[in-house]
Every structure is written in structure tokens, then in C-alpha cells.
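J.: Below is query.txt; it holds compact mmCIF, C-alpha atoms.
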# COMPACT_ATOMS: atom_id res chain seq x y z
CA MET D 7 0.00 0.00 0.00
CA GLY D 8 1.47 3.33 -1.10
CA ALA D 9 1.70 6.53 0.94
CA GLY D 10 -1.27 8.02 -0.91
CA ALA D 11 -3.44 5.00 -0.20
CA VAL D 12 -2.47 5.14 3.47
CA ARG D 13 -3.40 8.82 3.65
CA ASP D 14 -6.75 8.12 1.99
CA ALA D 15 -7.45 5.27 4.41
CA VAL D 16 -6.56 7.43 7.42
CA ARG D 17 -8.72 10.25 6.10
CA THR D 18 -11.65 7.87 5.57
CA VAL D 19 -11.31 6.39 9.06
CA THR D 20 -11.16 9.89 10.55
CA VAL D 21 -14.33 10.88 8.70
CA LEU D 22 -16.13 7.75 9.90
CA VAL D 23 -15.04 8.30 13.51
CA GLY D 24 -16.43 11.83 13.25
CA ALA D 25 -19.63 10.53 11.71
CA GLY D 26 -20.08 8.03 14.52
CA PHE D 27 -19.45 10.77 17.09
CA ARG D 28 -21.97 13.15 15.52
CA ARG D 29 -24.60 10.45 15.08
CA HIS D 30 -24.58 9.34 18.71
CA SER D 31 -24.04 12.75 20.27
CA ARG D 32 -27.38 13.86 18.76
CA TYR D 33 -29.44 11.36 20.74
CA HIS D 34 -29.67 13.46 23.90
CA GLY D 35 -32.69 11.59 25.23
CA ALA D 36 -30.99 8.20 24.84
CA ILE D 37 -27.83 9.49 26.52
CA ILE D 38 -29.76 10.96 29.45
CA GLY D 39 -31.87 7.82 29.79
CA GLY D 40 -28.84 5.57 29.65
CA ALA D 41 -26.99 7.64 32.25
CA ALA D 42 -30.02 7.61 34.54
CA ALA D 43 -30.43 3.84 34.20
CA ASN D 44 -26.74 3.25 34.83
CA THR D 45 -26.93 5.44 37.94
CA MET D 46 -30.04 3.76 39.36
CA PHE D 47 -28.68 0.27 38.82
CA GLY D 48 -25.39 1.48 40.25
CA LEU D 49 -27.14 2.39 43.49
CA LEU D 50 -28.67 -1.09 43.63
CA ARG D 51 -25.44 -2.89 42.77
CA ALA D 52 -23.36 -0.81 45.18
CA SER D 53 -25.77 -1.59 48.02
CA LEU D 54 -25.70 -5.32 47.24
CA VAL D 55 -21.91 -5.42 46.92
CA ALA D 56 -21.43 -3.46 50.16
CA ALA D 57 -23.83 -5.78 51.97
CA THR D 58 -22.10 -8.89 50.57
CA ILE D 59 -18.65 -7.70 51.64
CA THR D 60 -19.96 -6.72 55.06
CA THR D 61 -21.52 -10.17 55.51
CA ALA D 62 -18.21 -11.77 54.48
CA GLY D 63 -16.43 -9.94 57.30
CA GLY D 64 -15.39 -6.72 55.62
CA ARG D 65 -13.28 -8.17 52.83
CA LEU D 66 -14.07 -10.50 49.94
CA GLY D 67 -11.90 -11.52 47.00
CA GLY D 68 -9.47 -8.71 47.69
CA TYR D 69 -12.20 -6.07 47.91
CA ALA D 70 -12.98 -3.99 50.97
CA ILE D 71 -16.29 -2.13 51.06
CA ALA D 72 -14.77 1.08 49.66
CA THR D 73 -12.98 -0.64 46.79
CA GLY D 74 -15.96 -2.89 46.12
CA VAL D 75 -18.40 -0.03 45.62
CA THR D 76 -15.79 1.85 43.58
CA TYR D 77 -15.58 -1.16 41.27
CA VAL D 78 -19.37 -0.97 40.89
CA TRP D 79 -19.41 2.68 39.92
CA VAL D 80 -16.48 2.42 37.54
CA THR D 81 -18.04 -0.53 35.71
CA GLN D 82 -21.39 1.29 35.57
CA ALA D 83 -19.59 4.26 34.04
CA LEU D 84 -18.00 2.03 31.39
CA ILE D 85 -21.20 0.30 30.25
CA GLY D 86 -21.97 3.02 27.69
CA PRO D 87 -18.53 3.38 26.09
CA ALA D 88 -17.97 -0.39 25.97
CA GLN D 89 -21.52 -1.01 24.64
CA VAL D 90 -21.89 -4.05 26.85
CA PHE D 91 -25.49 -4.74 25.87
CA TYR D 92 -27.31 -5.44 22.59
CA TRP D 93 -25.79 -4.17 19.32
CA GLU D 94 -26.92 -5.16 15.82
CA ASP D 95 -25.80 -2.34 13.50
CA LEU D 96 -24.09 -4.68 11.04
CA ALA D 97 -26.80 -7.35 11.25
CA VAL D 98 -29.50 -4.80 10.41
CA ARG D 99 -27.63 -3.66 7.32
CA VAL D 100 -27.18 -7.26 6.18
CA ARG D 101 -30.90 -7.92 6.70
CA THR D 102 -32.01 -4.78 4.82
CA GLY D 103 -29.47 -5.08 2.02
CA ASP D 104 -27.80 -1.75 2.89
CA ILE D 105 -24.58 -3.73 3.32
CA VAL D 106 -24.11 -3.25 -0.44
CA VAL D 107 -23.35 0.42 0.16
CA ASP D 108 -20.77 -0.46 2.81
CA LEU D 109 -19.09 -3.03 0.56
CA ALA D 110 -18.82 -0.44 -2.23
CA ARG D 111 -16.74 1.89 -0.05
CA PRO D 112 -12.94 1.89 -0.48
CA LEU D 113 -12.37 0.70 3.08
CA ASP D 114 -12.61 -2.73 4.66
CA LEU D 115 -16.01 -3.49 6.20
CA GLN D 116 -14.57 -4.26 9.64
CA ALA D 117 -12.57 -1.02 9.64
CA GLN D 118 -15.68 0.97 8.70
CA PHE D 119 -17.75 -0.34 11.58
CA GLY D 120 -14.80 -0.14 13.94
CA ALA D 121 -14.30 3.55 13.15
CA LEU D 122 -18.00 4.27 13.59
CA ASP D 123 -18.02 2.42 16.90
CA LEU D 124 -15.00 4.36 18.14
CA GLY D 125 -16.83 7.59 17.34
CA ARG D 126 -19.86 6.29 19.24
CA ALA D 127 -17.72 5.46 22.27
CA LEU D 128 -16.09 8.90 22.25
CA ALA D 129 -19.49 10.58 22.03
CA VAL D 130 -20.99 8.81 25.04
CA THR D 131 -18.00 8.46 27.35
CA ILE D 132 -18.37 11.68 29.34
CA PRO D 133 -22.19 12.04 29.35
CA ARG D 134 -22.70 8.35 30.22
CA ALA D 135 -19.81 8.03 32.69
CA ALA D 136 -19.94 11.31 34.61
CA PRO D 137 -23.42 10.96 36.23
CA PRO D 138 -22.90 7.53 37.83
CA LEU D 139 -19.41 8.45 39.02
CA THR D 140 -20.71 11.70 40.51
CA ILE D 141 -23.62 10.01 42.29
CA GLY D 142 -21.31 7.24 43.46
CA ALA D 143 -18.89 9.76 44.92
CA LEU D 144 -21.69 11.63 46.71
CA THR D 145 -23.50 8.58 48.10
CA PHE D 146 -20.91 5.88 48.77
CA GLY D 147 -17.61 7.61 48.09
CA LEU D 148 -14.98 6.45 45.62
CA SER D 149 -11.63 4.91 46.46
CA LEU D 150 -9.45 6.05 43.56
CA PRO D 151 -5.66 6.05 43.20
CA GLY D 152 -3.62 9.21 43.56
CA ASP D 153 -1.01 8.15 41.00
CA PRO D 154 -1.66 9.88 37.64
CA TRP D 155 -0.06 6.93 35.84
CA ALA D 156 -2.97 4.78 36.96
CA TYR D 157 -5.31 7.01 34.98
CA LEU D 158 -3.05 7.01 31.93
CA ALA D 159 -2.87 3.20 32.00
CA GLY D 160 -6.57 3.10 32.80
CA GLY D 161 -7.39 5.22 29.76
CA CYS D 162 -5.45 2.80 27.57
CA ALA D 163 -7.28 -0.12 29.20
CA VAL D 164 -10.66 1.52 28.54
CA LEU D 165 -9.78 2.16 24.89
CA LEU D 166 -8.61 -1.43 24.45
CA GLY D 167 -11.74 -2.66 26.23
CA VAL D 168 -13.91 -0.75 23.77
CA GLY D 169 -11.93 -2.35 20.95
CA VAL D 170 -12.31 -5.87 22.32
CA SER D 171 -16.01 -5.30 22.87
CA PHE D 172 -16.44 -4.11 19.28
CA ALA D 173 -14.47 -7.05 17.90
CA CYS D 174 -16.69 -9.51 19.79
CA ARG D 175 -19.92 -7.74 18.81
CA TYR D 176 -18.83 -7.56 15.19
CA LEU D 177 -18.14 -11.29 15.15
CA VAL D 178 -21.60 -11.99 16.56
CA ASN D 179 -23.20 -9.68 13.97
CA LEU D 180 -21.51 -11.56 11.14
CA CYS D 181 -23.84 -14.46 11.95
CA ALA D 182 -26.51 -12.44 10.13
CA ILE D 183 -24.91 -13.50 6.83
CA TRP D 184 -26.14 -17.03 7.55
CA LEU D 185 -29.08 -16.43 9.91
CA LEU D 186 -30.43 -12.96 8.98
CA ASP D 187 -32.05 -12.71 12.42
CA ILE D 188 -29.34 -12.86 15.09
CA ARG D 189 -31.51 -12.18 18.14
CA GLY D 190 -31.10 -15.68 19.51
CA VAL D 191 -27.33 -15.75 19.10
CA ALA D 192 -26.98 -12.20 20.36
CA THR D 193 -29.09 -12.85 23.43
CA VAL D 194 -26.96 -15.84 24.40
CA TYR D 195 -23.76 -13.89 23.74
CA PHE D 196 -24.71 -10.81 25.70
CA THR D 197 -26.10 -12.86 28.60
CA VAL D 198 -22.83 -14.76 28.91
CA SER D 199 -20.59 -11.75 28.28
CA THR D 200 -22.22 -9.54 30.91
CA VAL D 201 -21.44 -12.14 33.55
CA LEU D 202 -17.93 -13.02 32.38
CA CYS D 203 -16.82 -9.42 31.74
CA GLY D 204 -17.28 -8.57 35.43
CA LEU D 205 -20.43 -6.51 35.24
CA VAL D 206 -22.58 -8.64 37.56
CA VAL D 207 -19.88 -9.32 40.16
CA PRO D 208 -16.09 -8.98 40.01
CA VAL D 209 -14.49 -11.91 38.25
CA HIS D 210 -12.23 -12.17 41.30
CA TRP D 211 -15.26 -13.57 43.15
CA PHE D 212 -15.70 -16.45 40.73
CA PRO D 213 -14.98 -20.01 41.90
CA ASP D 214 -11.67 -21.34 40.63
CA TRP D 215 -13.17 -23.39 37.80
CA LEU D 216 -15.18 -20.44 36.46
CA ALA D 217 -12.25 -18.05 36.88
CA ALA D 218 -10.07 -20.39 34.82
CA LEU D 219 -12.76 -20.64 32.13
CA ASP D 220 -13.22 -16.87 32.13
CA ALA D 221 -9.48 -16.25 31.77
CA ALA D 222 -9.61 -18.19 28.50
CA THR D 223 -12.09 -15.69 27.01
CA PRO D 224 -11.77 -12.06 25.93
CA PHE D 225 -14.60 -10.92 28.21
CA PRO D 226 -12.58 -9.76 31.28
CA SER D 227 -10.68 -7.40 28.96
CA ILE D 228 -13.90 -5.50 28.27
CA LEU D 229 -14.76 -4.29 31.80
CA GLN D 230 -12.86 -6.04 34.58
CA THR D 231 -9.38 -5.11 33.34
CA PRO D 232 -10.20 -1.41 32.79
CA ALA D 233 -11.82 -1.30 36.24
CA ASP D 234 -8.82 -3.00 37.88
CA VAL D 235 -6.36 -0.59 36.29
CA LEU D 236 -8.43 2.57 36.77
CA THR D 237 -9.04 1.88 40.46
CA GLY D 238 -5.40 1.06 41.16
CA ARG D 239 -6.14 -2.54 42.11
CA VAL D 240 -3.47 -3.58 39.61
CA VAL D 241 -0.43 -1.32 39.16
CA GLY D 242 3.05 -1.31 37.66
CA PRO D 243 4.22 -4.38 35.70
CA ALA D 244 1.02 -6.25 36.58
CA ALA D 245 -1.02 -3.51 34.88
CA GLY D 246 1.27 -3.73 31.88
CA ARG D 247 0.66 -7.46 31.63
CA LEU D 248 -3.10 -6.91 31.70
CA LEU D 249 -2.80 -4.36 28.89
CA ALA D 250 -0.74 -6.88 26.91
CA VAL D 251 -3.51 -9.46 27.40
CA GLN D 252 -6.04 -6.94 26.10
CA VAL D 253 -3.91 -6.24 23.02
CA SER D 254 -3.60 -9.98 22.39
CA TRP D 255 -7.35 -10.54 22.64
CA LEU D 256 -8.08 -7.53 20.45
CA ALA D 257 -5.78 -8.86 17.72
CA ALA D 258 -7.15 -12.41 18.04
CA VAL D 259 -10.84 -11.50 17.89
CA LEU D 260 -10.32 -8.99 15.08
CA LEU D 261 -8.48 -11.65 13.11
CA ALA D 262 -11.30 -14.12 13.76
CA GLY D 263 -13.76 -11.51 12.54
CA ARG D 264 -11.80 -10.97 9.34
CA LEU D 265 -11.65 -14.70 8.62
CA VAL D 266 -15.38 -15.18 9.23
CA GLN D 267 -16.08 -12.07 7.15
CA GLN D 268 -14.09 -13.42 4.21
CA VAL D 269 -15.94 -16.71 4.31
CA GLY D 270 -19.33 -15.05 4.77
CA LEU D 271 -18.99 -12.48 2.01
CA ARG D 272 -18.29 -15.23 -0.52
CA ARG D 273 -21.79 -16.60 0.02
CA LEU D 274 -23.64 -13.39 0.94
CA VAL D 275 -26.92 -12.99 -0.93
CA VAL D 276 -28.29 -9.46 -0.62
CA GLN D 277 -31.99 -9.38 0.17
CA GLY D 278 -34.10 -8.04 -2.66
CA GLY D 279 -31.71 -9.15 -5.39
Please rewrite the model in this file as C-alpha cells.
T.:
Amino acid sequence: MGAGAVRDAVRTVTVLVGAGFRRHSRYHGAIIGGAAANTMFGLLRASLVAATITTAGGRLGGYAIATGVTYVWVTQALIGPAQVFYWEDLAVRVRTGDIVVDLARPLDLQAQFGALDLGRALAVTIPRAAPPLTIGALTFGLSLPGDPWAYLAGGCAVLLGVGVSFACRYLVNLCAIWLLDIRGVATVYFTVSTVLCGLVVPVHWFPDWLAALDAATPFPSILQTPADVLTGRVVGPAAGRLLAVQVSWLAAVLLAGRLVQQVGLRRLVVQGG
């Protein structure tokens, strides 16, 4: 690929990131509703986690009450950027036939949707994350690190978590090439992923057999790792190793998506002709 082609690709990705940002920043009602829901469920989860740790004697799986509720509020803040729940943007375009427009663009399909998803994440990060963190600080208090490097590493972990989440969601959406309606597959995926990513309870609370199974999946890289790094639970070389695991999973799932995409596009039949 020549220098001109690289510049064109970078320009196209930049435009798509901007388009994703503008598209999702316009939905003020959805952003406010999502932030409110995240905050309300955060209050419930924080109460349950605090009660569980208290019942366990004040410490459970390495979490004290303060760090446990901080984990809750940080993961609630990351739900929006990481798009933990249902996503079917690609599947809808396959079902409607609009995928033809995407395939006609001079940029790989996976890169197009990845750029749009990055723009979406950038658009919702502050408005979706700030309210739950603010309410968490006012009601339960937050136990956050004083080292600025924790936030720098945490920002990288969040960005990588968004990437891993997209790569997994994209792979699920590719099932639409064969199934058209992916609701069944997506429901199973998002049910499993919300548990294994650390949204329900910290993965550090899992029994050994489930923790070992979870470690063999990309799901902890979506929420648990960013939360661990941002809250200072994991620092220094250990944080670096977690970031390396995230990079490895991002590369692996993106590669899997490309392989499935290549196979699927060979047999794709666009609806309506």
C-alpha cells in the first residue's frame, strides 16, 4: 500500500469516527436515559456489593467495602462506552441489504464499523460516565488512586476494552450473513458476556473453575481489566501485563472476525436481489 493509499485510508477512518461521534451525540434523550439507568442500577449494585462484603467480614476476593463499591461505579460508568449490551448495527444492514453500500466503499467493512463504533464510544464516554461516578462519589464515596499513571494506563485499558467489545460484537453480527435474524445468538452472547466481563460481580469472586474458564475468554478485557487498572487494584508491571492481554485478545478477535467475514462475504446474498 502506497503513501497516498495510506493517507486516503486514514482520512476515511477519521471521517467515519467523526460521523459516529456526531450520530450518537445527537441522541440526547438516549444518553440521558442511559446515564439515569446506569446510575439507578449502580445504586442497587453498590448496596448489594457493600452488603455482601460486610456479611463476608469486611473483605471478599481482595475487595474492601470502599474498593468494592468503587468497582461498581467504575463498571457502571463504562457500560456506555464499551456497549456491553445489545448491538446489531451490522446485522440490520445485512438484513435490509444496505450492506451493499458499505461493501462499495474503499475501506474494509470491519474497519468501517470499527471507526463508527469508536466515534460512538467517544461521544458517550463523558455524558454516560460522569453521572454515575458523581452520584457514586456523593453517596458511597470512591476509592481512587492518587497516582496519575494509573489514569493514563486506565485510559489505555478503557480504549482497548472498547476495541475488544467491538471485535466480539462484530463477530456476533456476522452471523446475520447465515441467519439474517441474530436475536437468539446475540441474546446468548450478551447474557454470557455480561457475567464473564465482570459486570454482575467482580471476576475475582468467581470459583476457581469459572475463573479459569473466564481467563480463556476475551470478556474480562472489556470491563474487569479497565476497572482493575483505573481503580489502582493492579499497578506497575502487573497492569502492563493486563494491557498486553487486552492487546492480544483484540488482535485475536479482530483476526477471527476478518476470517469469518471473508468466508461469509463469498456466500452473501443481498436481500431483494
J.: Go through D:Val259, D:Ala156, D:Ala129, D:Val194 one by one, measure the shortest atom-to-atom distance of each to Gly238 in chain D using only C-alpha atoms, and give the residue with the smallest value.
T.: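 The shortest atom-to-atom distance to Gly238 in chain D comes from D:Ala156.
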J.: Go through D:Gly86, D:Phe196, D:Val170, D:Ile228 and flag the residue nearest Ala36 in chain D, using all atoms listed in the file for the distances.
T.: D:Gly86
J.: Can you work out which one of D:Tyr176, D:Tyr195, D:Trp255, D:Trp211 has the shortest atom-to-atom distance to Thr58 in chain D, counting all atoms listed in the file?
T.: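 Nearest candidate to Thr58 in chain D out of D:Tyr176, D:Tyr195, D:Trp255, D:Trp211: D:Trp211.
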J.: Compare D:Tyr33, D:Trp79, D:Tyr69, D:Phe27 by their minimum atom-to-atom distance to Ala121 in chain D, counting all atoms listed in the file, and give me the closest one.
T.: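 Among D:Tyr33, D:Trp79, D:Tyr69, D:Phe27, it is D:Phe27 that comes nearest to Ala121 in chain D.
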J.: State, in Å with one decimal place, the distance from CA of Ala222 in chain D to CA of Cys162 in chain D.
T.: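 Rounded to one decimal, the two atoms are 21.4 Å apart.
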J.: Could you check which of D:Gly125, D:Gly169, D:Gly64, D:Gly142 is closest to Thr76 in chain D, using only C-alpha atoms?
T.: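 Ranking D:Gly125, D:Gly169, D:Gly64, D:Gly142 by distance to Thr76 in chain D, first place goes to D:Gly142.
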J.: CA of Ala135 in chain D and CA of Val80 in chain D, how far apart in Å?
T.: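 Value for the CA of Val80 in chain D-CA of Ala135 in chain D distance: 8.1 Å.
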J.: So which residues fall inside 9 Å of (-24.5, -15.4, 7.3) if we count all atoms listed in the file? Mind giving them as number ranges by chain?
T.: D: 100, 179-186, 270-271, 273-275
J.: Would you save the residues from that selection as a PDB file, keeping the file's coordinate frame, using C-alpha atoms?
T.:
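Resulting contents of part-v4.pdb:
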ATOM      1  CA  VAL D 100     -27.180  -7.260   6.180  1.00  0.00           C
ATOM      2  CA  ASN D 179     -23.200  -9.680  13.970  1.00  0.00           C
ATOM      3  CA  LEU D 180     -21.510 -11.560  11.140  1.00  0.00           C
ATOM      4  CA  CYS D 181     -23.840 -14.460  11.950  1.00  0.00           C
ATOM      5  CA  ALA D 182     -26.510 -12.440  10.130  1.00  0.00           C
ATOM      6  CA  ILE D 183     -24.910 -13.500   6.830  1.00  0.00           C
ATOM      7  CA  TRP D 184     -26.140 -17.030   7.550  1.00  0.00           C
ATOM      8  CA  LEU D 185     -29.080 -16.430   9.910  1.00  0.00           C
ATOM      9  CA  LEU D 186     -30.430 -12.960   8.980  1.00  0.00           C
ATOM     10  CA  GLY D 270     -19.330 -15.050   4.770  1.00  0.00           C
ATOM     11  CA  LEU D 271     -18.990 -12.480   2.010  1.00  0.00           C
ATOM     12  CA  ARG D 273     -21.790 -16.600   0.020  1.00  0.00           C
ATOM     13  CA  LEU D 274     -23.640 -13.390   0.940  1.00  0.00           C
ATOM     14  CA  VAL D 275     -26.920 -12.990  -0.930  1.00  0.00           C
TER      15      VAL D 275
END
J.: Please check which residues have atoms at most 12 Å from (-3.9, -0.7, 35.9) in the file's coordinates, counting all atoms listed in the file, and write them as a PyMOL selection string.
T.: chain D and resi 150-151+153-164+227+230-250+252
J.: Which residue out of D:Leu216, D:Ile188, D:Thr200, D:Gly120 has the minimum interatomic distance to Arg101 in chain D when only C-alpha atoms are used?
T.: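 With only C-alpha atoms as the atom set, the closest residue is D:Ile188.
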J.: Between CA of Phe47 in chain D and CA of Ser31 in chain D, measure the distance and give it in Å to one decimal.
T.: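 Interatomic distance here is 22.8 Å.
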J.: Where's the centre, and what are the edge lengths in Å to one decimal, of a box along x, y and z enclosing all listed atoms of range 143-155 of chain D padded 6 Å per side, as lines of an AutoDock Vina configuration file?
T.:
center_x = -11.8
center_y = 8.3
center_z = 42.3
size_x = 35.4
size_y = 18.7
size_z = 24.9
J.: Could you give me, as an mmCIF file with C-alpha atoms, in the frame of the given file, the residues within 12 Å of Asp123 in chain D, counting all atoms listed in the file and dropping anything in the same chain fewer than 2 positions from it?
T.:
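What landed in out12.cif:
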data_model
loop_
_atom_site.group_PDB
_atom_site.id
_atom_site.type_symbol
_atom_site.label_atom_id
_atom_site.label_comp_id
_atom_site.auth_asym_id
_atom_site.auth_seq_id
_atom_site.Cartn_x
_atom_site.Cartn_y
_atom_site.Cartn_z
ATOM 1 C CA VAL D 19 -11.310 6.390 9.060
ATOM 2 C CA THR D 20 -11.160 9.890 10.550
ATOM 3 C CA LEU D 22 -16.130 7.750 9.900
ATOM 4 C CA VAL D 23 -15.040 8.300 13.510
ATOM 5 C CA GLY D 24 -16.430 11.830 13.250
ATOM 6 C CA ALA D 25 -19.630 10.530 11.710
ATOM 7 C CA GLY D 26 -20.080 8.030 14.520
ATOM 8 C CA PHE D 27 -19.450 10.770 17.090
ATOM 9 C CA ARG D 28 -21.970 13.150 15.520
ATOM 10 C CA ARG D 29 -24.600 10.450 15.080
ATOM 11 C CA HIS D 30 -24.580 9.340 18.710
ATOM 12 C CA GLY D 86 -21.970 3.020 27.690
ATOM 13 C CA PRO D 87 -18.530 3.380 26.090
ATOM 14 C CA ALA D 88 -17.970 -0.390 25.970
ATOM 15 C CA GLN D 89 -21.520 -1.010 24.640
ATOM 16 C CA TRP D 93 -25.790 -4.170 19.320
ATOM 17 C CA GLU D 94 -26.920 -5.160 15.820
ATOM 18 C CA ASP D 95 -25.800 -2.340 13.500
ATOM 19 C CA LEU D 96 -24.090 -4.680 11.040
ATOM 20 C CA GLN D 116 -14.570 -4.260 9.640
ATOM 21 C CA ALA D 117 -12.570 -1.020 9.640
ATOM 22 C CA GLN D 118 -15.680 0.970 8.700
ATOM 23 C CA PHE D 119 -17.750 -0.340 11.580
ATOM 24 C CA GLY D 120 -14.800 -0.140 13.940
ATOM 25 C CA ALA D 121 -14.300 3.550 13.150
ATOM 26 C CA GLY D 125 -16.830 7.590 17.340
ATOM 27 C CA ARG D 126 -19.860 6.290 19.240
ATOM 28 C CA ALA D 127 -17.720 5.460 22.270
ATOM 29 C CA LEU D 128 -16.090 8.900 22.250
ATOM 30 C CA ALA D 129 -19.490 10.580 22.030
ATOM 31 C CA VAL D 130 -20.990 8.810 25.040
ATOM 32 C CA LEU D 165 -9.780 2.160 24.890
ATOM 33 C CA VAL D 168 -13.910 -0.750 23.770
ATOM 34 C CA GLY D 169 -11.930 -2.350 20.950
ATOM 35 C CA VAL D 170 -12.310 -5.870 22.320
ATOM 36 C CA SER D 171 -16.010 -5.300 22.870
ATOM 37 C CA PHE D 172 -16.440 -4.110 19.280
ATOM 38 C CA ALA D 173 -14.470 -7.050 17.900
ATOM 39 C CA ARG D 175 -19.920 -7.740 18.810
ATOM 40 C CA TYR D 176 -18.830 -7.560 15.190
#
J.: Please produce range 193-202 of chain D, completed to all heavy atoms, as a compact mmCIF listing (two decimals), in the frame of the given file.
T.:
# COMPACT_ATOMS: atom_id res chain seq x y z
N THR D 193 -28.60 -12.76 22.06
CA THR D 193 -29.09 -12.85 23.43
C THR D 193 -28.21 -13.77 24.27
O THR D 193 -27.85 -13.45 25.41
CB THR D 193 -30.55 -13.35 23.45
OG1 THR D 193 -31.38 -12.42 22.76
CG2 THR D 193 -31.05 -13.47 24.89
N VAL D 194 -27.85 -14.92 23.69
CA VAL D 194 -26.96 -15.84 24.40
C VAL D 194 -25.61 -15.18 24.64
O VAL D 194 -25.06 -15.23 25.76
CB VAL D 194 -26.78 -17.15 23.61
CG1 VAL D 194 -25.71 -18.02 24.24
CG2 VAL D 194 -28.10 -17.92 23.53
N TYR D 195 -25.08 -14.54 23.61
CA TYR D 195 -23.76 -13.89 23.74
C TYR D 195 -23.77 -12.83 24.82
O TYR D 195 -22.89 -12.81 25.70
CB TYR D 195 -23.33 -13.28 22.40
CG TYR D 195 -22.16 -12.33 22.57
CD1 TYR D 195 -20.87 -12.82 22.73
CD2 TYR D 195 -22.37 -10.95 22.63
CE1 TYR D 195 -19.81 -11.96 22.92
CE2 TYR D 195 -21.31 -10.09 22.83
CZ TYR D 195 -20.03 -10.59 22.97
OH TYR D 195 -18.99 -9.74 23.18
N PHE D 196 -24.72 -11.92 24.76
CA PHE D 196 -24.71 -10.81 25.70
C PHE D 196 -25.07 -11.24 27.12
O PHE D 196 -24.64 -10.61 28.08
CB PHE D 196 -25.62 -9.69 25.20
CG PHE D 196 -25.12 -9.07 23.93
CD1 PHE D 196 -25.88 -9.11 22.77
CD2 PHE D 196 -23.88 -8.48 23.88
CE1 PHE D 196 -25.41 -8.56 21.59
CE2 PHE D 196 -23.40 -7.92 22.70
CZ PHE D 196 -24.16 -7.96 21.56
N THR D 197 -25.83 -12.32 27.26
CA THR D 197 -26.10 -12.86 28.60
C THR D 197 -24.82 -13.41 29.21
O THR D 197 -24.49 -13.14 30.38
CB THR D 197 -27.16 -13.97 28.54
OG1 THR D 197 -28.38 -13.42 28.01
CG2 THR D 197 -27.43 -14.53 29.92
N VAL D 198 -24.09 -14.18 28.42
CA VAL D 198 -22.83 -14.76 28.91
C VAL D 198 -21.78 -13.68 29.14
O VAL D 198 -21.09 -13.66 30.17
CB VAL D 198 -22.31 -15.81 27.91
CG1 VAL D 198 -20.91 -16.29 28.30
CG2 VAL D 198 -23.26 -16.99 27.84
N SER D 199 -21.66 -12.75 28.20
CA SER D 199 -20.59 -11.75 28.28
C SER D 199 -20.77 -10.80 29.46
O SER D 199 -19.80 -10.38 30.08
CB SER D 199 -20.51 -10.95 26.98
OG SER D 199 -21.67 -10.15 26.77
N THR D 200 -22.02 -10.46 29.79
CA THR D 200 -22.22 -9.54 30.91
C THR D 200 -21.80 -10.16 32.24
O THR D 200 -21.38 -9.44 33.16
CB THR D 200 -23.69 -9.08 31.00
OG1 THR D 200 -24.54 -10.23 31.00
CG2 THR D 200 -24.05 -8.17 29.85
N VAL D 201 -21.91 -11.47 32.34
CA VAL D 201 -21.44 -12.14 33.55
C VAL D 201 -19.92 -12.26 33.54
O VAL D 201 -19.24 -11.89 34.51
CB VAL D 201 -22.07 -13.55 33.68
CG1 VAL D 201 -21.47 -14.30 34.86
CG2 VAL D 201 -23.58 -13.43 33.83
N LEU D 202 -19.36 -12.73 32.43
CA LEU D 202 -17.93 -13.02 32.38
C LEU D 202 -17.06 -11.77 32.25
O LEU D 202 -15.86 -11.83 32.52
CB LEU D 202 -17.64 -13.98 31.22
CG LEU D 202 -18.30 -15.36 31.32
CD1 LEU D 202 -17.83 -16.25 30.16
CD2 LEU D 202 -17.99 -16.02 32.65
